[in-house]
Amino acid sequence: MSDPINNQVATELSENGQTQATQTPSFADIYHSSINDREQFWAEQAKRIYWHKEPEQILDDSNLPFAKWFVGGETNLCYNCVDRHLPDRAEQDAFIWLSSEINQELIETFPTVADAFSNLGNNVEFYTDYTKRRLTYNDLYKEVNYFADVLQRHGVGEGDRVIIYMPMILEAAYAMLACARIGAIHSVVFGGFAAHNLAIRMDDAEAKMVITVDAGLRGGKVINYKNLVNQGVEQATAKPEHVLVVDRGILPFAAQAIDIDYATERRISCEANAIVEPVWLESNTPSYLLYTSGTTGTPKGVQRDTGGHAVALTTSMDYIYNGKAGETFWAISDIGWAVGHSYTIYAPLLAGMTSVMYEGLPHRPNPGIWWRIVEANKVNILFTAPTGVRMLKKQDETWMTRYDVSSLKSFFLAGEPLDQSTADWLKKHLGVPILDHYWQTESGWPILSNTPKFDDKPHKQGSPGYPMYGYDAHVINEKTGERCAAGEKGLLAITAPLPPGCLTTVWRNDERFISSYFSLADGNEYSTSDYAVTDEDGCFYILGRTDDVINVAGHRIGTQEIEEAISTHPEMAECAVVGIHDELKGELPIAFCVLRDHTQVATTENRFRLEQQIIGAVVKSLGGIARPAAVYFPQSVPKTRSGKILRRAIRALAENKPTGDMSTLDNPAAIDAIKQSMKDY
Ligand code: AMP
């Protein structure tokens with residue numbers, strides 16, 4: 001059967017002479033043309049999406065590092081994700097939503113949950129272990145139009161910021177796509193974050209609306225989203241005009257004056273058969289903000305454009321993931337992270353695929369749930385962070401053989417280093433390529449990857465691959481900016497311009513964009529803040545962060561954010577948080593707290609009380625994800641003469657490793673203080 005999306009790319013690329021009709025080009029050719037013939041390369045890729053108005057200029061690099069892609073072109077992300085597929089795949093599933101948190105038993109206990117489903121649409125099937133909701137492209141088109149209509153009727157329009165604080169439910173996807181449809185800028189906040197994080201983002205984005213739910217479920221535990229939003233609104237200086245609540249029937253709540261009930265509003269839009277025309281946006285118009293941790297306490301609003309984002313993701317689905325229209329893609333991530341944005345929502349839809357959206361944990365109701373989902377939904381491509389796999393690896397292995405996973409073509413992993421034993425274990429059980437790849441919130445799509453479509457470079461264990469087309473990536477000497485030879489450790493950097501789809505700036509803070517990312521050498525190199533090394537074949541190996549950012553289960557957390565939360569404790573003089581290696585989650589934060597009065601921890605009882613208070617302060621401020629795995633009470637922390645805390649030395653001490661160069665240490669007694677505090681524990 002003819003397939004316009006799959007055929008379109010093959011034909012268009014071959015017309016341009018880049019590829020032969022019968023033969024796939026080598027990746028080396030593609031990479032070479034993307035760097036040496038940049039504009040020509042991206043002009044070709046731009047044909048993968050629909051432009052209401054064709055771009056006038058492919059790249060404006062007159063003001064680097066601020067690159068502008070597809071200048072003058074007008075498009076709409078939502079149109080490309082949804083409307084464009086209606087002629088050919090209206091009845092194909094756009095999303096398959098699965099929740100292992102909601103099952104038959106839960107529905108019997110809470111009939112309000114089933115009522116809520118019928119208020120929000122249909123096509124729901126309840127099973128003993130999970131609930132499934134299917135949504136065709138046609139259904140998605142309708143729902144997104146209703147949602148966009150609700151937003152517009154409540155005053156949200158082009159350029160307005162909307163915070164989405166929701167669990168993994170379809171309404172979150174409608175909300176994102178509806179914002180894109182009307183040109184509103186969404187900012188999704190990870191559901192594991194607490195009220196304080198929400199307030200910071202409300203203030204920085206000056207959000208007009210917050211979209212949330214009554215509650216979420218995690219491992220059967222109810223998470224009171226609505227209450228957290230209420231607290232966030234209370235703490236924020238820039239308060240939203242409205243809070244739109246999708247009531248899932250899980251937790252009753254008292255509506256506030258600014259609240260709007262989504263089910264009621266949806267009914268109005270549905271009865272009116274509301275259709276909202278997509279707003280055509282110049283390619284460089286911001287599509288969304290996603291806040292991420294850096295070295296300072298305030299998160300950065302990574303700003304993504306519209307046209308470059310659509311082109312980059314569509315291209316990646318072909319060249320990197322080898323995904324085809326009609327196939328099923330499952331990125332096991334939360335929409336609060338970049339992976340969820342790019343590969344649960346936008347990219348699969350842009351490519352006309354079916355995307356699986358999963359609310360639940362890897363090992364509940366049992367450690368076979370992922371594979372049951374793969375079998376039942378014929379998932380073709382999987383993508384997740386190694387932590388989830390490591391969790392499964394600890395369980396009974398027979399769960400790995402109970403389901404037919406032969407639909408799988410490949411399994412991609414990213415977000416943190418992929419250790420050999422996890423990769424081997426997956427390979428043994430699934431028998432498909434296990435592909436590590438590397439990217440960041442800022443890039444929005446892979447910087448380094450292996451590419452099953454081309455396969456002209458060997459996959460090497462321990463390496464996330466080689467630079468992807470468009471990324472002029474290399475390892476440089478941190479101080480001189482000179483390129484390192486193979487085998488020489490340095491900083492992973494990308495020469496400007498960054499390719500389409502990468503962050504275009506930090507929201508309302510061009511200076512921070514430069515100081516955070518382009519302060520090296522001649523100002524032309526993007527710093528990933530990761531150390532790396534290459535081998536003779538040009539494969540890259542990631543060696544860890546250069547800054548005080550730690551990676552817990554694939555999620556980036558600035559240690560300074562945790563320190564700030566701890567410092568709110570009235571008895572705290574100062575503190576240092578470092579990440580230590582953890583078998584399961586990669587890294588975990590531990591805190592070294594210096595009290596105003598050290599005698600406070602003279603008794604075990606008091607120490608326990610303080611420890612609980614400190615952990616409580618972190619969880620309250622940042623959410624459970626930042627919970628310190630241990631709290632120690634040294635009398636001092638090691639510092640340099642200029643007063644900087646030597647976190648690297650503390651980390652080494654905590655991991656029982658050599659501390660390295662200590663020539664800048666000002667207070668040698670602090671070394672023993674750190675060691676003693678861990679003994680006291
Ligand atoms: P985030 O922006 O939260 O996705 O975090 C990006 C950071 O995660 C990178 O800067 C790396 O430190 C780390 N990271 C991402 N992918 C990989 C990978 N494949 N191998 C090693 N580290 C990775």
# chains A, B, ... in the order shown; residues from 1 in each chain; ligands from 1
$ residues_around --residues "stretch 248-256 of chain A" --least-positions-apart "2" --cutoff "6 Å" --atoms "only C-alpha atoms" --output "MDAnalysis selection string"
chainID A and resid 112:113 116 214 258:259
$ residues_around --residues "A:Ile514" --least-positions-apart "2" --cutoff "12 Å" --atoms "only C-alpha atoms" --output "list in words"
Leu64, Pro65, Phe66, Ala496, Leu503, Thr504, Thr505, Val506, Asn509, Asp510, Glu511, Arg512, Ser516, Tyr517, Phe518, Ser519, Leu520, Asp522, Gly523, Asn524, Glu525, Tyr526 and Ser527 of chain A
$ write_last_selection --atoms "N, CA, C and O atoms" --output "PDB file, in the first residue's frame"
ATOM      1  N   LEU A  64      25.523  34.769  15.772  1.00  0.00           N
ATOM      2  CA  LEU A  64      25.804  33.568  16.573  1.00  0.00           C
ATOM      3  C   LEU A  64      26.247  33.966  17.981  1.00  0.00           C
ATOM      4  O   LEU A  64      26.836  35.028  18.137  1.00  0.00           O
ATOM      5  N   PRO A  65      25.989  33.187  19.010  1.00  0.00           N
ATOM      6  CA  PRO A  65      25.460  31.822  18.929  1.00  0.00           C
ATOM      7  C   PRO A  65      23.950  31.738  18.775  1.00  0.00           C
ATOM      8  O   PRO A  65      23.385  30.644  18.876  1.00  0.00           O
ATOM      9  N   PHE A  66      23.276  32.847  18.530  1.00  0.00           N
ATOM     10  CA  PHE A  66      21.822  32.790  18.340  1.00  0.00           C
ATOM     11  C   PHE A  66      21.542  32.445  16.872  1.00  0.00           C
ATOM     12  O   PHE A  66      21.609  33.329  16.010  1.00  0.00           O
ATOM     13  N   ALA A 496      29.153  26.350  17.103  1.00  0.00           N
ATOM     14  CA  ALA A 496      27.936  27.034  16.633  1.00  0.00           C
ATOM     15  C   ALA A 496      27.957  27.097  15.092  1.00  0.00           C
ATOM     16  O   ALA A 496      29.044  27.151  14.510  1.00  0.00           O
ATOM     17  N   LEU A 503      17.962  24.287  21.845  1.00  0.00           N
ATOM     18  CA  LEU A 503      17.483  25.510  22.499  1.00  0.00           C
ATOM     19  C   LEU A 503      17.949  26.738  21.705  1.00  0.00           C
ATOM     20  O   LEU A 503      19.046  26.731  21.144  1.00  0.00           O
ATOM     21  N   THR A 504      17.101  27.730  21.639  1.00  0.00           N
ATOM     22  CA  THR A 504      17.477  28.935  20.898  1.00  0.00           C
ATOM     23  C   THR A 504      17.987  30.015  21.841  1.00  0.00           C
ATOM     24  O   THR A 504      18.739  30.886  21.445  1.00  0.00           O
ATOM     25  N   THR A 505      17.548  29.948  23.090  1.00  0.00           N
ATOM     26  CA  THR A 505      18.056  30.837  24.144  1.00  0.00           C
ATOM     27  C   THR A 505      17.500  30.366  25.477  1.00  0.00           C
ATOM     28  O   THR A 505      16.770  29.366  25.535  1.00  0.00           O
ATOM     29  N   VAL A 506      17.869  31.054  26.540  1.00  0.00           N
ATOM     30  CA  VAL A 506      17.231  30.821  27.835  1.00  0.00           C
ATOM     31  C   VAL A 506      16.118  31.855  27.921  1.00  0.00           C
ATOM     32  O   VAL A 506      16.332  33.032  27.607  1.00  0.00           O
ATOM     33  N   ASN A 509      16.407  35.538  28.781  1.00  0.00           N
ATOM     34  CA  ASN A 509      17.711  35.730  29.400  1.00  0.00           C
ATOM     35  C   ASN A 509      18.835  35.342  28.426  1.00  0.00           C
ATOM     36  O   ASN A 509      19.522  34.336  28.620  1.00  0.00           O
ATOM     37  N   ASP A 510      19.010  36.154  27.393  1.00  0.00           N
ATOM     38  CA  ASP A 510      20.047  35.872  26.398  1.00  0.00           C
ATOM     39  C   ASP A 510      21.426  35.822  27.042  1.00  0.00           C
ATOM     40  O   ASP A 510      22.283  35.041  26.634  1.00  0.00           O
ATOM     41  N   GLU A 511      21.612  36.643  28.052  1.00  0.00           N
ATOM     42  CA  GLU A 511      22.936  36.671  28.705  1.00  0.00           C
ATOM     43  C   GLU A 511      23.249  35.340  29.359  1.00  0.00           C
ATOM     44  O   GLU A 511      24.371  34.841  29.303  1.00  0.00           O
ATOM     45  N   ARG A 512      22.219  34.771  29.981  1.00  0.00           N
ATOM     46  CA  ARG A 512      22.441  33.484  30.650  1.00  0.00           C
ATOM     47  C   ARG A 512      22.694  32.378  29.623  1.00  0.00           C
ATOM     48  O   ARG A 512      23.427  31.415  29.892  1.00  0.00           O
ATOM     49  N   SER A 516      25.990  30.472  30.263  1.00  0.00           N
ATOM     50  CA  SER A 516      25.866  29.051  30.631  1.00  0.00           C
ATOM     51  C   SER A 516      26.452  28.132  29.580  1.00  0.00           C
ATOM     52  O   SER A 516      26.951  27.061  29.906  1.00  0.00           O
ATOM     53  N   TYR A 517      26.352  28.531  28.317  1.00  0.00           N
ATOM     54  CA  TYR A 517      26.685  27.562  27.267  1.00  0.00           C
ATOM     55  C   TYR A 517      27.813  27.990  26.324  1.00  0.00           C
ATOM     56  O   TYR A 517      28.424  27.145  25.685  1.00  0.00           O
ATOM     57  N   PHE A 518      28.034  29.285  26.173  1.00  0.00           N
ATOM     58  CA  PHE A 518      28.988  29.721  25.147  1.00  0.00           C
ATOM     59  C   PHE A 518      30.112  30.590  25.720  1.00  0.00           C
ATOM     60  O   PHE A 518      30.563  31.517  25.059  1.00  0.00           O
ATOM     61  N   SER A 519      30.525  30.295  26.948  1.00  0.00           N
ATOM     62  CA  SER A 519      31.539  31.171  27.543  1.00  0.00           C
ATOM     63  C   SER A 519      32.960  30.672  27.290  1.00  0.00           C
ATOM     64  O   SER A 519      33.929  31.253  27.752  1.00  0.00           O
ATOM     65  N   LEU A 520      33.087  29.572  26.540  1.00  0.00           N
ATOM     66  CA  LEU A 520      34.414  29.001  26.305  1.00  0.00           C
ATOM     67  C   LEU A 520      35.138  29.659  25.155  1.00  0.00           C
ATOM     68  O   LEU A 520      34.502  30.146  24.216  1.00  0.00           O
ATOM     69  N   ASP A 522      36.503  31.096  22.085  1.00  0.00           N
ATOM     70  CA  ASP A 522      36.125  32.284  21.318  1.00  0.00           C
ATOM     71  C   ASP A 522      34.611  32.543  21.351  1.00  0.00           C
ATOM     72  O   ASP A 522      34.097  33.326  20.564  1.00  0.00           O
ATOM     73  N   GLY A 523      33.916  31.866  22.222  1.00  0.00           N
ATOM     74  CA  GLY A 523      32.474  32.101  22.327  1.00  0.00           C
ATOM     75  C   GLY A 523      31.681  31.402  21.249  1.00  0.00           C
ATOM     76  O   GLY A 523      30.479  31.613  21.117  1.00  0.00           O
ATOM     77  N   ASN A 524      32.347  30.527  20.522  1.00  0.00           N
ATOM     78  CA  ASN A 524      31.680  29.875  19.403  1.00  0.00           C
ATOM     79  C   ASN A 524      31.395  28.410  19.687  1.00  0.00           C
ATOM     80  O   ASN A 524      30.881  27.704  18.837  1.00  0.00           O
ATOM     81  N   GLU A 525      31.771  27.966  20.891  1.00  0.00           N
ATOM     82  CA  GLU A 525      31.616  26.550  21.229  1.00  0.00           C
ATOM     83  C   GLU A 525      30.533  26.379  22.288  1.00  0.00           C
ATOM     84  O   GLU A 525      30.622  26.980  23.356  1.00  0.00           O
ATOM     85  N   TYR A 526      29.559  25.542  21.995  1.00  0.00           N
ATOM     86  CA  TYR A 526      28.546  25.191  22.993  1.00  0.00           C
ATOM     87  C   TYR A 526      29.149  24.170  23.939  1.00  0.00           C
ATOM     88  O   TYR A 526      29.667  23.143  23.493  1.00  0.00           O
ATOM     89  N   SER A 527      29.094  24.439  25.240  1.00  0.00           N
ATOM     90  CA  SER A 527      29.612  23.482  26.205  1.00  0.00           C
ATOM     91  C   SER A 527      28.481  22.595  26.702  1.00  0.00           C
ATOM     92  O   SER A 527      27.465  23.084  27.195  1.00  0.00           O
TER      93      SER A 527
END
$ closest_residue --among "A:Gln613, A:Thr599, A:Ser567, A:Ser443" --to "ligand 1" --atoms "only C-alpha atoms and all ligand atoms"
A:Ser443
$ closest_atom_pairs --of "chain A" --to "ligand 1" --cutoff "6 Å" --atoms "only C-alpha atoms and all ligand atoms" --output "CSV"
residue,atom,partner,partner_atom_place_in_ligand_line,distance
A:Ala414,CA,ligand 1,19 (N),4.2
A:Gly415,CA,ligand 1,15 (C),3.5
A:Glu416,CA,ligand 1,23 (C),3.8
A:Pro417,CA,ligand 1,21 (C),3.6
A:Asp436,CA,ligand 1,19 (N),5.4
A:His437,CA,ligand 1,19 (N),4.4
A:Tyr438,CA,ligand 1,19 (N),3.7
A:Trp439,CA,ligand 1,16 (N),4.9
A:Gln440,CA,ligand 1,2 (O),3.7
A:Thr441,CA,ligand 1,2 (O),3.6
A:Pro464,CA,ligand 1,19 (N),5.2
A:Thr528,CA,ligand 1,10 (O),5.9
A:Asp530,CA,ligand 1,12 (O),5.6
A:Ile542,CA,ligand 1,21 (C),5.3
A:Gly544,CA,ligand 1,12 (O),5.9
A:Arg545,CA,ligand 1,12 (O),5.4
A:His555,CA,ligand 1,3 (O),4.8
A:Arg556,CA,ligand 1,3 (O),4.1
$ select_by_dssp --residues "stretch 427-542 of chain A" --states "strand (DSSP E or B)" --output "ChimeraX atom specification"
/A:434-436,438,448-449,465-467,473-476,483,490-495,505-506,525-534,540-542
$ select_by_dssp --residues "stretch 75-129 of chain A" --states "alpha helix (DSSP H)" --output "list in words"
Leu77, Cys78, Tyr79, Asn80, Cys81, Leu86, Pro87, Asp88, Arg89, Gln104, Glu105, Leu106, Ile107, Glu108, Thr109, Pro111, Thr112, Val113, Ala114, Asp115, Ala116, Phe117, Ser118, Asn119 and Leu120 of chain A
$ residues_around --residues "A:Gly623" --least-positions-apart "5" --cutoff "8 Å" --atoms "only C-alpha atoms" --output "number ranges by chain"
A: 192-194, 618
$ closest_residue --among "A:Tyr165, A:Tyr146, A:Phe592, A:Tyr471" --to "A:Leu177" --atoms "only C-alpha atoms"
A:Tyr146
$ closest_atom_pairs --of "stretch 353-388 of chain A" --to "stretch 120-130 of chain A" --cutoff "12 Å" --atoms "only C-alpha atoms" --output "JSON lines"
{"residue": "A:Tyr358", "atom": "CA", "partner": "A:Tyr130", "partner_atom": "CA", "distance": 10.1}
{"residue": "A:Glu359", "atom": "CA", "partner": "A:Tyr130", "partner_atom": "CA", "distance": 9.6}
{"residue": "A:Gly360", "atom": "CA", "partner": "A:Tyr130", "partner_atom": "CA", "distance": 9.3}
{"residue": "A:Leu361", "atom": "CA", "partner": "A:Tyr130", "partner_atom": "CA", "distance": 11.6}
{"residue": "A:His363", "atom": "CA", "partner": "A:Asp129", "partner_atom": "CA", "distance": 11.8}
{"residue": "A:Arg364", "atom": "CA", "partner": "A:Asp129", "partner_atom": "CA", "distance": 8.7}
{"residue": "A:Pro365", "atom": "CA", "partner": "A:Asp129", "partner_atom": "CA", "distance": 6.4}
{"residue": "A:Asn366", "atom": "CA", "partner": "A:Asp129", "partner_atom": "CA", "distance": 8.9}
{"residue": "A:Pro367", "atom": "CA", "partner": "A:Asp129", "partner_atom": "CA", "distance": 11.8}
{"residue": "A:Gly368", "atom": "CA", "partner": "A:Asp129", "partner_atom": "CA", "distance": 10.9}
{"residue": "A:Ile369", "atom": "CA", "partner": "A:Asp129", "partner_atom": "CA", "distance": 8.6}
{"residue": "A:Trp370", "atom": "CA", "partner": "A:Tyr130", "partner_atom": "CA", "distance": 11.5}
{"residue": "A:Arg372", "atom": "CA", "partner": "A:Asp129", "partner_atom": "CA", "distance": 10.2}
{"residue": "A:Ile373", "atom": "CA", "partner": "A:Tyr130", "partner_atom": "CA", "distance": 9.7}
{"residue": "A:Ala376", "atom": "CA", "partner": "A:Tyr130", "partner_atom": "CA", "distance": 11.8}
$ residues_around --residues "A:Ser333" --least-positions-apart "2" --cutoff "9 Å" --atoms "only C-alpha atoms" --output "ChimeraX atom specification"
/A:330-331,335-340,343-344,357-358,383-385
$ residues_around --residues "A:Asp456" --least-positions-apart "5" --cutoff "9 Å" --atoms "only C-alpha atoms" --output "PyMOL selection string"
chain A and resi 26-28+451
$ residues_around --residues "A:Ser463" --least-positions-apart "3" --cutoff "7 Å" --atoms "only C-alpha atoms" --output "JSON list (two decimals) with all heavy atoms, in the first residue's frame"
[["chain", "number", "residue", "atom", "x", "y", "z"],
["A", 436, "ASP", "N", 22.80, 2.73, 22.99],
["A", 436, "ASP", "CA", 22.99, 3.87, 23.89],
["A", 436, "ASP", "C", 23.04, 5.13, 23.02],
["A", 436, "ASP", "O", 23.59, 5.09, 21.92],
["A", 436, "ASP", "CB", 24.33, 3.66, 24.61],
["A", 436, "ASP", "CG", 24.57, 4.69, 25.70],
["A", 436, "ASP", "OD1", 23.63, 5.43, 26.03],
["A", 436, "ASP", "OD2", 25.71, 4.75, 26.21],
["A", 460, "LYS", "N", 29.76, 0.27, 19.78],
["A", 460, "LYS", "CA", 30.76, -0.16, 20.76],
["A", 460, "LYS", "C", 30.19, -0.03, 22.15],
["A", 460, "LYS", "O", 29.62, 1.01, 22.50],
["A", 460, "LYS", "CB", 32.00, 0.71, 20.64],
["A", 460, "LYS", "CG", 32.74, 0.45, 19.34],
["A", 460, "LYS", "CD", 34.13, 1.00, 19.44],
["A", 460, "LYS", "CE", 34.77, 1.03, 18.07],
["A", 460, "LYS", "NZ", 36.04, 1.71, 18.10],
["A", 539, "CYS", "N", 34.33, 7.13, 17.85],
["A", 539, "CYS", "CA", 33.25, 6.90, 18.80],
["A", 539, "CYS", "C", 33.54, 7.72, 20.05],
["A", 539, "CYS", "O", 34.69, 7.85, 20.47],
["A", 539, "CYS", "CB", 33.18, 5.42, 19.19],
["A", 539, "CYS", "SG", 32.30, 4.46, 17.98],
["A", 540, "PHE", "N", 32.49, 8.27, 20.62],
["A", 540, "PHE", "CA", 32.63, 9.11, 21.80],
["A", 540, "PHE", "C", 32.29, 8.30, 23.06],
["A", 540, "PHE", "O", 31.44, 7.42, 23.02],
["A", 540, "PHE", "CB", 31.69, 10.32, 21.72],
["A", 540, "PHE", "CG", 32.17, 11.42, 20.81],
["A", 540, "PHE", "CD1", 32.41, 11.18, 19.46],
["A", 540, "PHE", "CD2", 32.37, 12.70, 21.30],
["A", 540, "PHE", "CE1", 32.84, 12.19, 18.62],
["A", 540, "PHE", "CE2", 32.81, 13.73, 20.47],
["A", 540, "PHE", "CZ", 33.05, 13.47, 19.13],
["A", 541, "TYR", "N", 32.93, 8.68, 24.15],
["A", 541, "TYR", "CA", 32.65, 8.06, 25.46],
["A", 541, "TYR", "C", 32.44, 9.20, 26.44],
["A", 541, "TYR", "O", 33.24, 10.13, 26.49],
["A", 541, "TYR", "CB", 33.83, 7.19, 25.91],
["A", 541, "TYR", "CG", 34.07, 6.03, 24.98],
["A", 541, "TYR", "CD1", 34.76, 6.22, 23.77],
["A", 541, "TYR", "CD2", 33.58, 4.76, 25.28],
["A", 541, "TYR", "CE1", 34.96, 5.17, 22.89],
["A", 541, "TYR", "CE2", 33.77, 3.70, 24.40],
["A", 541, "TYR", "CZ", 34.46, 3.91, 23.21],
["A", 541, "TYR", "OH", 34.64, 2.87, 22.34]]
$ closest_residue --among "A:Asn477, A:Lys132, A:Thr422, A:Cys179" --to "A:Leu392" --atoms "only C-alpha atoms"
A:Thr422
$ closest_residue --among "A:Val578, A:Ile49, A:Ala184, A:Val243" --to "A:Glu563" --atoms "only C-alpha atoms"
A:Val578
$ atom_distance --atom1 "atom CA of A:Asn224" --atom2 "atom CA of A:His242"
18.4 Å
$ closest_residue --among "A:Ser287, A:Thr604, A:Gln395, A:Thr495" --to "A:Gly470" --atoms "only C-alpha atoms"
A:Thr495
$ closest_residue --among "A:Gly538, A:Ser529, A:Ser636, A:Phe513" --to "A:Pro458" --atoms "only C-alpha atoms"
A:Gly538
$ decode --residues "stretch 344-419 of chain A" --atoms "C-alpha atoms" --output "compact mmCIF listing (two decimals), in the first residue's frame"
# COMPACT_ATOMS: atom_id res chain seq x y z
CA THR A 344 6.27 10.57 23.61
CA ILE A 345 4.41 13.51 22.13
CA TYR A 346 5.87 15.33 19.17
CA ALA A 347 8.19 13.10 17.14
CA PRO A 348 6.05 9.95 16.83
CA LEU A 349 3.08 12.07 15.77
CA LEU A 350 5.12 14.17 13.35
CA ALA A 351 6.20 10.90 11.75
CA GLY A 352 2.65 9.45 11.62
CA MET A 353 3.45 6.72 14.12
CA THR A 354 1.49 5.42 17.10
CA SER A 355 2.88 6.58 20.42
CA VAL A 356 2.48 4.62 23.62
CA MET A 357 1.91 6.71 26.72
CA TYR A 358 2.31 4.83 30.00
CA GLU A 359 1.30 5.80 33.49
CA GLY A 360 3.00 3.41 35.84
CA LEU A 361 6.18 1.88 37.16
CA PRO A 362 8.37 -0.76 35.45
CA HIS A 363 7.71 -3.44 38.06
CA ARG A 364 4.04 -2.94 38.93
CA PRO A 365 1.79 -4.90 39.00
CA ASN A 366 4.66 -7.22 38.12
CA PRO A 367 8.06 -6.97 36.41
CA GLY A 368 6.59 -8.27 33.14
CA ILE A 369 4.39 -5.22 32.54
CA TRP A 370 6.67 -3.58 29.92
CA TRP A 371 6.88 -6.77 27.90
CA ARG A 372 3.14 -7.42 28.19
CA ILE A 373 2.58 -3.93 26.76
CA VAL A 374 5.09 -4.57 23.97
CA GLU A 375 3.36 -7.82 23.06
CA ALA A 376 -0.21 -6.53 23.27
CA ASN A 377 0.52 -3.39 21.27
CA LYS A 378 3.20 -4.66 18.90
CA VAL A 379 5.67 -2.00 19.94
CA ASN A 380 8.45 -1.60 17.37
CA ILE A 381 10.87 0.80 19.03
CA LEU A 382 11.53 1.29 22.73
CA PHE A 383 13.34 4.13 24.43
CA THR A 384 14.03 4.63 28.13
CA ALA A 385 16.70 5.45 30.72
CA PRO A 386 18.91 2.63 32.06
CA THR A 387 17.56 3.01 35.62
CA GLY A 388 14.23 1.39 34.77
CA VAL A 389 16.02 -1.55 33.20
CA ARG A 390 18.33 -1.93 36.18
CA MET A 391 15.24 -2.14 38.35
CA LEU A 392 13.90 -5.02 36.23
CA LYS A 393 17.26 -6.74 36.25
CA LYS A 394 16.91 -7.22 40.00
CA GLN A 395 13.67 -9.19 39.57
CA ASP A 396 12.90 -12.77 38.64
CA GLU A 397 14.36 -13.30 35.15
CA THR A 398 11.51 -15.49 34.01
CA TRP A 399 9.43 -12.34 33.53
CA MET A 400 11.62 -11.65 30.54
CA THR A 401 10.53 -14.75 28.68
CA ARG A 402 6.78 -14.82 29.21
CA TYR A 403 5.80 -12.49 26.39
CA ASP A 404 6.31 -12.37 22.67
CA VAL A 405 8.41 -9.29 22.02
CA SER A 406 9.26 -10.14 18.42
CA SER A 407 7.69 -6.89 17.18
CA LEU A 408 10.67 -5.00 18.66
CA LYS A 409 13.30 -3.71 16.22
CA SER A 410 15.54 -1.80 18.60
CA PHE A 411 15.83 -0.47 22.12
CA PHE A 412 17.37 2.96 22.71
CA LEU A 413 18.68 4.17 26.05
CA ALA A 414 19.71 7.64 27.17
CA GLY A 415 19.86 10.03 30.06
CA GLU A 416 22.71 8.45 32.00
CA PRO A 417 25.59 6.06 31.33
CA LEU A 418 24.55 2.63 30.13
CA ASP A 419 26.61 0.03 31.98
